[in-house]
file model15.pdb (PDB, C-alpha atoms, pLDDT in the B column)
ATOM      1  CA  MET A  17      63.402  -7.716  24.486  1.00 84.00           C
ATOM      2  CA  ARG A  18      60.127  -6.359  23.201  1.00 86.00           C
ATOM      3  CA  THR A  19      60.007  -3.486  20.714  1.00 88.00           C
ATOM      4  CA  THR A  20      57.651  -1.884  18.210  1.00 89.00           C
ATOM      5  CA  VAL A  21      58.540  -1.946  14.526  1.00 90.00           C
ATOM      6  CA  ARG A  22      56.419  -0.327  11.843  1.00 92.00           C
ATOM      7  CA  LEU A  23      56.397  -2.262   8.569  1.00 93.00           C
ATOM      8  CA  ASP A  24      54.668  -1.775   5.260  1.00 94.00           C
ATOM      9  CA  ASP A  25      51.441  -3.824   5.319  1.00 95.00           C
ATOM     10  CA  ARG A  26      52.352  -5.780   2.172  1.00 96.00           C
ATOM     11  CA  LEU A  27      55.830  -6.595   3.496  1.00 96.00           C
ATOM     12  CA  LEU A  28      54.378  -7.743   6.816  1.00 96.00           C
ATOM     13  CA  GLU A  29      51.867  -9.994   5.073  1.00 97.00           C
ATOM     14  CA  ARG A  30      54.619 -11.536   2.914  1.00 97.00           C
ATOM     15  CA  ALA A  31      56.768 -12.074   6.014  1.00 97.00           C
ATOM     16  CA  ARG A  32      53.899 -13.747   7.883  1.00 96.00           C
ATOM     17  CA  LYS A  33      53.236 -16.089   4.945  1.00 97.00           C
ATOM     18  CA  GLU A  34      56.945 -16.927   4.650  1.00 97.00           C
ATOM     19  CA  ALA A  35      57.194 -17.630   8.383  1.00 96.00           C
ATOM     20  CA  ALA A  36      54.149 -19.920   8.175  1.00 97.00           C
ATOM     21  CA  ARG A  37      55.593 -21.696   5.119  1.00 96.00           C
ATOM     22  CA  ARG A  38      58.794 -22.354   7.059  1.00 96.00           C
ATOM     23  CA  GLY A  39      56.938 -23.349  10.219  1.00 97.00           C
ATOM     24  CA  ALA A  40      58.646 -20.495  12.042  1.00 97.00           C
ATOM     25  CA  THR A  41      57.522 -17.457  13.991  1.00 96.00           C
ATOM     26  CA  LEU A  42      57.500 -13.973  12.535  1.00 96.00           C
ATOM     27  CA  THR A  43      59.972 -12.971  15.257  1.00 95.00           C
ATOM     28  CA  SER A  44      62.436 -15.697  14.262  1.00 96.00           C
ATOM     29  CA  LEU A  45      62.146 -14.711  10.593  1.00 97.00           C
ATOM     30  CA  ILE A  46      62.884 -11.049  11.421  1.00 96.00           C
ATOM     31  CA  GLU A  47      65.810 -12.061  13.653  1.00 96.00           C
ATOM     32  CA  GLU A  48      67.260 -14.268  10.909  1.00 96.00           C
ATOM     33  CA  GLY A  49      66.950 -11.457   8.363  1.00 95.00           C
ATOM     34  CA  LEU A  50      68.662  -8.976  10.663  1.00 94.00           C
ATOM     35  CA  GLN A  51      71.470 -11.432  11.384  1.00 95.00           C
ATOM     36  CA  LEU A  52      72.055 -11.950   7.655  1.00 93.00           C
ATOM     37  CA  ILE A  53      72.208  -8.212   6.985  1.00 91.00           C
ATOM     38  CA  LEU A  54      74.458  -7.477   9.963  1.00 91.00           C
ATOM     39  CA  ARG A  55      76.939 -10.193   8.931  1.00 91.00           C
ATOM     40  CA  ARG A  56      77.558  -8.563   5.555  1.00 86.00           C
ATOM     41  CA  PRO A  57      80.395  -6.072   5.383  1.00 80.00           C
ATOM     42  CA  LEU A  58      79.215  -2.560   4.607  1.00 79.00           C
ATOM     43  CA  LYS A  59      80.107  -1.564   1.063  1.00 78.00           C
ATOM     44  CA  HIS A  60      81.575   1.902   0.877  1.00 76.00           C
ATOM     45  CA  SER A  61      80.277   4.083  -1.891  1.00 74.00           C
ATOM     46  CA  ALA A  62      82.583   5.727  -4.400  1.00 79.00           C
ATOM     47  CA  ARG A  63      80.535   8.910  -4.072  1.00 81.00           C
ATOM     48  CA  SER A  64      82.098  12.026  -2.657  1.00 84.00           C
ATOM     49  CA  HIS A  65      81.132  13.465   0.719  1.00 85.00           C
ATOM     50  CA  VAL A  66      78.198  15.876   0.598  1.00 87.00           C
ATOM     51  CA  THR A  67      77.720  18.700   3.066  1.00 90.00           C
ATOM     52  CA  LEU A  68      74.062  19.501   3.598  1.00 85.00           C
ATOM     53  CA  PRO A  69      72.963  23.091   4.115  1.00 85.00           C
ATOM     54  CA  GLU A  70      72.070  24.131   7.644  1.00 82.00           C
ATOM     55  CA  CYS A  71      68.928  26.133   8.322  1.00 78.00           C
ATOM     56  CA  ARG A  72      69.578  29.136  10.524  1.00 81.00           C
ATOM     57  CA  ALA A  73      66.019  30.484  10.469  1.00 82.00           C
ATOM     58  CA  GLY A  74      65.333  29.445  14.056  1.00 78.00           C
ATOM     59  CA  GLY A  75      62.179  27.742  15.171  1.00 78.00           C
ATOM     60  CA  GLY A  76      62.481  24.122  16.177  1.00 78.00           C
ATOM     61  CA  THR A  77      59.926  21.625  17.332  1.00 81.00           C
ATOM     62  CA  GLN A  78      56.539  22.510  18.690  1.00 79.00           C
ATOM     63  CA  PRO A  79      56.145  22.555  22.471  1.00 81.00           C
ATOM     64  CA  GLY A  80      55.623  19.063  23.861  1.00 81.00           C
ATOM     65  CA  VAL A  81      57.172  17.277  20.859  1.00 84.00           C
ATOM     66  CA  ASP A  82      59.808  14.694  21.829  1.00 87.00           C
ATOM     67  CA  LEU A  83      61.848  13.626  18.784  1.00 87.00           C
ATOM     68  CA  ASN A  84      63.001  10.536  20.700  1.00 91.00           C
ATOM     69  CA  ASP A  85      59.430   9.191  21.062  1.00 90.00           C
ATOM     70  CA  SER A  86      58.634   7.781  17.599  1.00 89.00           C
ATOM     71  CA  VAL A  87      55.249   6.363  18.606  1.00 89.00           C
ATOM     72  CA  ALA A  88      54.056   9.741  19.899  1.00 87.00           C
ATOM     73  CA  LEU A  89      55.431  11.463  16.785  1.00 87.00           C
ATOM     74  CA  LEU A  90      53.572   9.088  14.472  1.00 88.00           C
ATOM     75  CA  ASP A  91      50.367   9.513  16.504  1.00 85.00           C
ATOM     76  CA  ARG A  92      50.750  13.286  16.287  1.00 84.00           C
ATOM     77  CA  MET A  93      51.322  13.170  12.499  1.00 83.00           C
ATOM     78  CA  GLU A  94      48.298  10.918  11.970  1.00 84.00           C
ATOM     79  CA  GLU A  95      46.092  13.379  13.922  1.00 80.00           C
ATOM     80  CA  ARG A  96      46.718  16.020  11.238  1.00 67.00           C
ATOM     81  CA  ARG A  97      45.386  13.912   8.334  1.00 62.00           C
TER      82      ARG A  97
END
call {"tool": "encode", "arguments": {"input": "model15.pdb", "output": "structure tokens"}}
result
Amino acid sequence: MRTTVRLDDRLLERARKEAARRGATLTSLIEEGLQLILRRPLKHSARSHVTLPECRAGGGTQPGVDLNDSVALLDRMEERR
């Protein structure tokens, strides 16, 4: 499957160098890292449950904004800089 992932430039450069050092592809390095993380059991925190406040002021997203389209959201945010 093909997907888009946004990474910090420095992290991406380190990953590319590590993949080259291993004679592997960047994709295989990312897959291996994800597999390692997903194999670990999730450690439960001893912290208590926190209930966040809910805004009741109304409003919402601007017309035409789709919160499920991350690429369009990032493009829209970069337009405002």
call {"tool": "closest_residue", "arguments": {"input": "model15.pdb", "among": "A:Val87, A:Leu28, A:Arg55, A:Ala73", "to": "Leu42 in chain A", "atoms": "only C-alpha atoms"}}
result
A:Leu28
call {"tool": "closest_residue", "arguments": {"input": "model15.pdb", "among": "A:Arg92, A:Glu47, A:Thr77, A:Ala62", "to": "Ala35 in chain A", "atoms": "only C-alpha atoms"}}
result
A:Glu47
call {"tool": "atom_distance", "arguments": {"input": "model15.pdb", "atom1": "CA of Val21 in chain A", "atom2": "CA of Leu83 in chain A"}}
result
16.5 Å
call {"tool": "atom_distance", "arguments": {"input": "model15.pdb", "atom1": "CA of Met93 in chain A", "atom2": "CA of Val81 in chain A"}}
result
11.0 Å
call {"tool": "residues_near_point", "arguments": {"input": "model15.pdb", "point": "(57.7, -8.7, 21.6)", "cutoff": "12 Å", "atoms": "all atoms listed in the file", "output": "JSON, numbers by chain"}}
result
{"A": [17, 18, 19, 20, 21, 41, 42, 43, 44, 46, 47]}
call {"tool": "atom_distance", "arguments": {"input": "model15.pdb", "atom1": "CA of Asp24 in chain A", "atom2": "CA of Ala40 in chain A"}}
result
20.3 Å
call {"tool": "axis_aligned_box", "arguments": {"input": "model15.pdb", "around": "range 22-33 of chain A", "padding_each_side": "5 Å", "output": "JSON"}}
result
{"center_x": 54.1, "center_y": -8.2, "center_z": 7.0, "size_x": 15.3, "size_y": 25.8, "size_z": 19.7}
call {"tool": "decode", "arguments": {"input": "model15.pdb", "residues": "range 18-62 of chain A", "atoms": "N, CA and C atoms", "output": "PDB file, in the first residue's frame"}}
result
ATOM      1  N   ARG A  18       0.439   2.265  -0.619  1.00  0.00           N
ATOM      2  CA  ARG A  18       1.183   3.514  -0.688  1.00  0.00           C
ATOM      3  C   ARG A  18       0.491   4.543   0.197  1.00  0.00           C
ATOM      4  N   THR A  19       1.276   5.287   0.984  1.00  0.00           N
ATOM      5  CA  THR A  19       0.710   6.301   1.855  1.00  0.00           C
ATOM      6  C   THR A  19       1.687   7.458   1.980  1.00  0.00           C
ATOM      7  N   THR A  20       1.217   8.577   2.478  1.00  0.00           N
ATOM      8  CA  THR A  20       2.060   9.744   2.703  1.00  0.00           C
ATOM      9  C   THR A  20       2.288   9.893   4.198  1.00  0.00           C
ATOM     10  N   VAL A  21       3.546  10.055   4.566  1.00  0.00           N
ATOM     11  CA  VAL A  21       3.905  10.257   5.974  1.00  0.00           C
ATOM     12  C   VAL A  21       4.767  11.500   6.040  1.00  0.00           C
ATOM     13  N   ARG A  22       4.438  12.402   6.930  1.00  0.00           N
ATOM     14  CA  ARG A  22       5.249  13.609   7.103  1.00  0.00           C
ATOM     15  C   ARG A  22       6.197  13.385   8.277  1.00  0.00           C
ATOM     16  N   LEU A  23       7.496  13.548   8.004  1.00  0.00           N
ATOM     17  CA  LEU A  23       8.527  13.350   9.013  1.00  0.00           C
ATOM     18  C   LEU A  23       9.357  14.612   9.149  1.00  0.00           C
ATOM     19  N   ASP A  24       9.918  14.794  10.325  1.00  0.00           N
ATOM     20  CA  ASP A  24      10.861  15.874  10.548  1.00  0.00           C
ATOM     21  C   ASP A  24      12.038  15.674   9.587  1.00  0.00           C
ATOM     22  N   ASP A  25      12.519  16.743   8.981  1.00  0.00           N
ATOM     23  CA  ASP A  25      13.589  16.650   7.984  1.00  0.00           C
ATOM     24  C   ASP A  25      14.842  15.975   8.536  1.00  0.00           C
ATOM     25  N   ARG A  26      15.208  16.305   9.770  1.00  0.00           N
ATOM     26  CA  ARG A  26      16.419  15.709  10.365  1.00  0.00           C
ATOM     27  C   ARG A  26      16.227  14.215  10.608  1.00  0.00           C
ATOM     28  N   LEU A  27      15.032  13.819  11.066  1.00  0.00           N
ATOM     29  CA  LEU A  27      14.753  12.410  11.291  1.00  0.00           C
ATOM     30  C   LEU A  27      14.786  11.644   9.968  1.00  0.00           C
ATOM     31  N   LEU A  28      14.198  12.216   8.942  1.00  0.00           N
ATOM     32  CA  LEU A  28      14.195  11.578   7.625  1.00  0.00           C
ATOM     33  C   LEU A  28      15.605  11.387   7.099  1.00  0.00           C
ATOM     34  N   GLU A  29      16.447  12.401   7.257  1.00  0.00           N
ATOM     35  CA  GLU A  29      17.826  12.299   6.787  1.00  0.00           C
ATOM     36  C   GLU A  29      18.580  11.210   7.555  1.00  0.00           C
ATOM     37  N   ARG A  30      18.377  11.151   8.867  1.00  0.00           N
ATOM     38  CA  ARG A  30      19.020  10.091   9.670  1.00  0.00           C
ATOM     39  C   ARG A  30      18.534   8.715   9.235  1.00  0.00           C
ATOM     40  N   ALA A  31      17.236   8.601   8.955  1.00  0.00           N
ATOM     41  CA  ALA A  31      16.670   7.315   8.534  1.00  0.00           C
ATOM     42  C   ALA A  31      17.236   6.902   7.176  1.00  0.00           C
ATOM     43  N   ARG A  32      17.359   7.843   6.266  1.00  0.00           N
ATOM     44  CA  ARG A  32      17.920   7.536   4.942  1.00  0.00           C
ATOM     45  C   ARG A  32      19.367   7.046   5.059  1.00  0.00           C
ATOM     46  N   LYS A  33      20.153   7.728   5.908  1.00  0.00           N
ATOM     47  CA  LYS A  33      21.550   7.328   6.100  1.00  0.00           C
ATOM     48  C   LYS A  33      21.626   5.940   6.733  1.00  0.00           C
ATOM     49  N   GLU A  34      20.757   5.676   7.715  1.00  0.00           N
ATOM     50  CA  GLU A  34      20.758   4.366   8.368  1.00  0.00           C
ATOM     51  C   GLU A  34      20.348   3.266   7.387  1.00  0.00           C
ATOM     52  N   ALA A  35      19.360   3.537   6.561  1.00  0.00           N
ATOM     53  CA  ALA A  35      18.940   2.559   5.554  1.00  0.00           C
ATOM     54  C   ALA A  35      20.090   2.270   4.583  1.00  0.00           C
ATOM     55  N   ALA A  36      20.789   3.311   4.151  1.00  0.00           N
ATOM     56  CA  ALA A  36      21.917   3.134   3.236  1.00  0.00           C
ATOM     57  C   ALA A  36      23.035   2.341   3.913  1.00  0.00           C
ATOM     58  N   ARG A  37      23.301   2.642   5.183  1.00  0.00           N
ATOM     59  CA  ARG A  37      24.345   1.927   5.924  1.00  0.00           C
ATOM     60  C   ARG A  37      24.034   0.438   6.010  1.00  0.00           C
ATOM     61  N   ARG A  38      22.746   0.129   6.160  1.00  0.00           N
ATOM     62  CA  ARG A  38      22.324  -1.273   6.263  1.00  0.00           C
ATOM     63  C   ARG A  38      22.139  -1.934   4.898  1.00  0.00           C
ATOM     64  N   GLY A  39      22.184  -1.141   3.845  1.00  0.00           N
ATOM     65  CA  GLY A  39      21.923  -1.682   2.510  1.00  0.00           C
ATOM     66  C   GLY A  39      20.458  -2.026   2.338  1.00  0.00           C
ATOM     67  N   ALA A  40      19.606  -1.247   2.977  1.00  0.00           N
ATOM     68  CA  ALA A  40      18.161  -1.485   2.956  1.00  0.00           C
ATOM     69  C   ALA A  40      17.458  -0.279   2.353  1.00  0.00           C
ATOM     70  N   THR A  41      16.173  -0.427   2.106  1.00  0.00           N
ATOM     71  CA  THR A  41      15.378   0.699   1.624  1.00  0.00           C
ATOM     72  C   THR A  41      14.818   1.463   2.819  1.00  0.00           C
ATOM     73  N   LEU A  42      14.478   2.704   2.576  1.00  0.00           N
ATOM     74  CA  LEU A  42      13.834   3.508   3.623  1.00  0.00           C
ATOM     75  C   LEU A  42      12.520   2.852   4.039  1.00  0.00           C
ATOM     76  N   THR A  43      11.778   2.337   3.083  1.00  0.00           N
ATOM     77  CA  THR A  43      10.506   1.667   3.375  1.00  0.00           C
ATOM     78  C   THR A  43      10.715   0.487   4.314  1.00  0.00           C
ATOM     79  N   SER A  44      11.732  -0.341   4.041  1.00  0.00           N
ATOM     80  CA  SER A  44      11.954  -1.507   4.900  1.00  0.00           C
ATOM     81  C   SER A  44      12.384  -1.088   6.300  1.00  0.00           C
ATOM     82  N   LEU A  45      13.143   0.001   6.411  1.00  0.00           N
ATOM     83  CA  LEU A  45      13.555   0.498   7.716  1.00  0.00           C
ATOM     84  C   LEU A  45      12.334   0.982   8.509  1.00  0.00           C
ATOM     85  N   ILE A  46      11.442   1.719   7.865  1.00  0.00           N
ATOM     86  CA  ILE A  46      10.225   2.200   8.525  1.00  0.00           C
ATOM     87  C   ILE A  46       9.353   1.024   8.938  1.00  0.00           C
ATOM     88  N   GLU A  47       9.192   0.037   8.051  1.00  0.00           N
ATOM     89  CA  GLU A  47       8.391  -1.143   8.386  1.00  0.00           C
ATOM     90  C   GLU A  47       8.967  -1.880   9.588  1.00  0.00           C
ATOM     91  N   GLU A  48      10.290  -2.046   9.612  1.00  0.00           N
ATOM     92  CA  GLU A  48      10.931  -2.741  10.730  1.00  0.00           C
ATOM     93  C   GLU A  48      10.712  -1.985  12.038  1.00  0.00           C
ATOM     94  N   GLY A  49      10.844  -0.666  11.988  1.00  0.00           N
ATOM     95  CA  GLY A  49      10.617   0.151  13.183  1.00  0.00           C
ATOM     96  C   GLY A  49       9.185   0.044  13.693  1.00  0.00           C
ATOM     97  N   LEU A  50       8.228   0.085  12.781  1.00  0.00           N
ATOM     98  CA  LEU A  50       6.831  -0.054  13.178  1.00  0.00           C
ATOM     99  C   LEU A  50       6.553  -1.426  13.783  1.00  0.00           C
ATOM    100  N   GLN A  51       7.133  -2.462  13.179  1.00  0.00           N
ATOM    101  CA  GLN A  51       6.935  -3.816  13.707  1.00  0.00           C
ATOM    102  C   GLN A  51       7.501  -3.938  15.119  1.00  0.00           C
ATOM    103  N   LEU A  52       8.658  -3.339  15.367  1.00  0.00           N
ATOM    104  CA  LEU A  52       9.249  -3.389  16.704  1.00  0.00           C
ATOM    105  C   LEU A  52       8.353  -2.690  17.728  1.00  0.00           C
ATOM    106  N   ILE A  53       7.862  -1.531  17.377  1.00  0.00           N
ATOM    107  CA  ILE A  53       6.993  -0.774  18.291  1.00  0.00           C
ATOM    108  C   ILE A  53       5.691  -1.513  18.547  1.00  0.00           C
ATOM    109  N   LEU A  54       5.096  -2.067  17.501  1.00  0.00           N
ATOM    110  CA  LEU A  54       3.792  -2.724  17.647  1.00  0.00           C
ATOM    111  C   LEU A  54       3.888  -4.055  18.386  1.00  0.00           C
ATOM    112  N   ARG A  55       5.074  -4.645  18.461  1.00  0.00           N
ATOM    113  CA  ARG A  55       5.246  -5.892  19.212  1.00  0.00           C
ATOM    114  C   ARG A  55       5.299  -5.655  20.711  1.00  0.00           C
ATOM    115  N   ARG A  56       5.722  -4.468  21.111  1.00  0.00           N
ATOM    116  CA  ARG A  56       5.851  -4.157  22.538  1.00  0.00           C
ATOM    117  C   ARG A  56       4.479  -4.015  23.181  1.00  0.00           C
ATOM    118  N   PRO A  57       4.320  -4.567  24.380  1.00  0.00           N
ATOM    119  CA  PRO A  57       3.047  -4.338  25.065  1.00  0.00           C
ATOM    120  C   PRO A  57       2.965  -2.876  25.514  1.00  0.00           C
ATOM    121  N   LEU A  58       1.789  -2.331  25.453  1.00  0.00           N
ATOM    122  CA  LEU A  58       1.565  -0.945  25.854  1.00  0.00           C
ATOM    123  C   LEU A  58       1.630  -0.853  27.369  1.00  0.00           C
ATOM    124  N   LYS A  59       2.480   0.031  27.859  1.00  0.00           N
ATOM    125  CA  LYS A  59       2.594   0.233  29.304  1.00  0.00           C
ATOM    126  C   LYS A  59       1.504   1.192  29.747  1.00  0.00           C
ATOM    127  N   HIS A  60       0.756   0.774  30.745  1.00  0.00           N
ATOM    128  CA  HIS A  60      -0.307   1.631  31.263  1.00  0.00           C
ATOM    129  C   HIS A  60       0.267   2.590  32.299  1.00  0.00           C
ATOM    130  N   SER A  61      -0.119   3.800  32.209  1.00  0.00           N
ATOM    131  CA  SER A  61       0.357   4.833  33.110  1.00  0.00           C
ATOM    132  C   SER A  61      -0.362   4.743  34.450  1.00  0.00           C
ATOM    133  N   ALA A  62       0.334   5.150  35.490  1.00  0.00           N
ATOM    134  CA  ALA A  62      -0.262   5.172  36.827  1.00  0.00           C
ATOM    135  C   ALA A  62      -1.050   6.466  37.043  1.00  0.00           C
TER     136      ALA A  62
END
